[in-house]
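*Asks:* I am attaching a structure below and will ask some questions about it afterwards.
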Amino acid sequence: HRNTVRNYKHSTMKGNLYTVENKGSKRTMHRFVTGKPVLASVLLSLLGFVLIPIGSFIFKAPIAAGSLAAFDWIFGLIGLCVFTGIFLLLYKKWFSPEFSGMLNGNLSEGFILLLPFVVFWAVNLVYTFIFRRDTLAFHMSGSIIETSVIAGVMEEFCFRGLIITTLLRQWRKKDKFLQAAIVSGIAFGLIHAINAAAGANPLRTIFQVFDAGFLGVFMAANYMRCGSLVPVMIAHALHDIAAIGMASDVAENGIITGGISFDNIFDSILSLGLCIAGIYLLRSDKIKEIRQVWDKKWTNVEHEDPSLKA
């Protein structure tokens, strides 16, 4: 590694950034990300989780107060796209020229790998129509669409895009793909605990934390396999539209108000099945293929800070 560093034309250290110049090009080594990838990835996800909804609100607030208030959700979605796009560009710029992007990948494989998710919903719907018709409520509104799409895009970008991508900057070299999926799932599950503070039933929130964590592992596995966030963003948005629009005990903002029943245990069992499917997607005979996907996304020759090797 020291020989590689000597081949560089110039290198400078400033705070947590290690900048290397090589024949006119410049690449930044991020010591904090390299030294503490889990903490760095989670902090990045929380930053996006806070700022992106604020951006969406900024776009819709003037409309909500005017004569077009009924269409404010459309402007909320526009704000979502704008601020998520800004985050995507900033992330890519931050790691330029190492990183190639979160949206480009094998989309067809990504959608094919969503088959367990389709089975999950098929079984869920059959069970619902047979055993819990009393909880069905077919209703749809702009608010439900806005809540679902914002959750699908923002949460996948934050808890799959930012966490998985940042972790695999180093962890792909160690084939720690399952570990990355688990970190993503835990962070995604725990963030749902804040729903209790927003009025959700506390016991139902506990189930939601586990269900979201299981779902997060599957979504992470899909993203790692295909390299694109697009399939999981679409699947997540549709999942929330159906979950909110078909349930009488879920508010339009996604907050669950109903109590505990056997149905929740059944949902958790299905979610655990998705988690197991995600683990299967990361099985040992697919590791080489996954590593190739991410070696293309992270194109740097050596991304570790030389000072950490000393």
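Going by the structure tokens order, chains are called A, B, ..., each with residues numbered from 1, while ligands are numbered from 1 in the order shown.
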What's the 10 Å shell around A:Ile255, counting only C-alpha atoms, without same-chain residues fewer than 3 positions away, as an MDAnalysis selection string?

*Replies:* chainID A and resid 192 195:196 198:201 205 244 249:252 258

*Asks:* Please produce an output containing C-alpha atoms for each residue in the selection, written as an mmCIF file, in the first residue's frame.

*Replies:*
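Produced file again_39.cif, reproduced below:
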```cif
data_model
loop_
_atom_site.group_PDB
_atom_site.id
_atom_site.type_symbol
_atom_site.label_atom_id
_atom_site.label_comp_id
_atom_site.auth_asym_id
_atom_site.auth_seq_id
_atom_site.Cartn_x
_atom_site.Cartn_y
_atom_site.Cartn_z
ATOM 1 C CA HIS A 192 -40.412 2.899 13.157
ATOM 2 C CA ASN A 195 -44.501 6.080 15.434
ATOM 3 C CA ALA A 196 -45.466 5.456 19.071
ATOM 4 C CA ALA A 198 -46.955 10.089 16.894
ATOM 5 C CA GLY A 199 -49.965 8.306 18.374
ATOM 6 C CA ALA A 200 -49.553 4.721 17.200
ATOM 7 C CA ASN A 201 -50.561 1.869 19.490
ATOM 8 C CA THR A 205 -45.499 -0.397 17.130
ATOM 9 C CA ILE A 244 -52.833 2.085 4.269
ATOM 10 C CA ASP A 249 -57.054 0.843 11.583
ATOM 11 C CA VAL A 250 -54.320 2.779 9.765
ATOM 12 C CA ALA A 251 -54.520 6.563 9.420
ATOM 13 C CA GLU A 252 -53.788 8.294 6.120
ATOM 14 C CA GLY A 258 -55.579 -0.522 16.040
#
```

*Asks:* Using DSSP on the backbone coordinates, identify all residues within stretch 97-304 of chain A classified as alpha helix (DSSP H); present the result as number ranges by chain.

*Replies:* A: 107-112, 115-131, 142-150, 156, 163-171, 177-191, 202-226, 230-245, 262-281, 287-297

*Asks:* Quick one: residues within 12 Å of stretch 125-131 of chain A, only C-alpha atoms, excluding same-chain residues fewer than 3 positions away - as a VMD selection string?

*Replies:* chain A and resid 118 to 122 134 to 137 239 242 to 243 246 to 247 261 to 264 266 to 267 270

*Asks:* Taking C-alpha atoms for each residue, export the selection above as a JSON list (two decimals), in the first residue's frame.

*Replies:*
```json
[["chain", "number", "residue", "atom", "x", "y", "z"],
["A", 118, "VAL", "CA", -45.37, -10.76, -4.54],
["A", 119, "VAL", "CA", -45.96, -14.07, -2.76],
["A", 120, "PHE", "CA", -45.97, -12.21, 0.57],
["A", 121, "TRP", "CA", -48.78, -9.95, -0.63],
["A", 122, "ALA", "CA", -50.72, -12.76, -2.31],
["A", 134, "ASP", "CA", -63.92, -6.47, 9.20],
["A", 135, "THR", "CA", -60.62, -4.56, 9.00],
["A", 136, "LEU", "CA", -60.88, -3.94, 5.25],
["A", 137, "ALA", "CA", -61.49, -0.38, 4.12],
["A", 239, "HIS", "CA", -46.74, -1.90, -0.29],
["A", 242, "ALA", "CA", -52.06, -1.14, -0.19],
["A", 243, "ALA", "CA", -51.35, -1.35, 3.55],
["A", 246, "MET", "CA", -57.00, -1.29, 2.61],
["A", 247, "ALA", "CA", -56.91, -1.05, 6.41],
["A", 261, "SER", "CA", -54.60, -9.54, 17.54],
["A", 262, "PHE", "CA", -53.50, -12.85, 16.02],
["A", 263, "ASP", "CA", -53.42, -11.05, 12.66],
["A", 264, "ASN", "CA", -50.31, -9.20, 13.79],
["A", 266, "PHE", "CA", -49.49, -13.78, 11.16],
["A", 267, "ASP", "CA", -48.12, -10.63, 9.51],
["A", 270, "LEU", "CA", -44.97, -13.51, 6.69]]
```

*Asks:* Which one of A:Thr147, A:Phe207, A:Cys158, A:Val42 sits closest to A:Phe87 if you count only C-alpha atoms?

*Replies:*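 Once distances to A:Phe87 are computed over only C-alpha atoms, the minimum belongs to A:Cys158.
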
*Asks:* Identify all residues of stretch 21-106 of chain A in strand (DSSP E or B) (DSSP on the backbone) and supply them as a list in words.

*Replies:*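 Assigned to strand (DSSP E or B), within stretch 21-106 of chain A: Glu21, Asn22, Ser25, Lys26, Arg27, Thr28, Met29, His30 and Phe99 of chain A.
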
*Asks:* Considering only C-alpha atoms, state which residue in the set A:Leu39, A:Leu114, A:Met102, A:Val149 is at the smallest distance from A:Ala187.

*Replies:*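 Residue with the minimum atom-to-atom distance to A:Ala187: A:Leu39.
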
*Asks:* Determine the nearest neighbour of A:Pro53 from the options A:Cys81, A:Leu88, A:Met140, A:Leu190, counting only C-alpha atoms.

*Replies:* A:Cys81

*Asks:* Set the distance at 12 Å and use only C-alpha atoms: which residues neighbour A:Leu47 once local chain neighbours fewer than 3 positions away are removed? I'd like the list as number ranges by chain.

*Replies:* A: 40-44, 50-54, 84, 87, 154-155, 157-159, 162-163
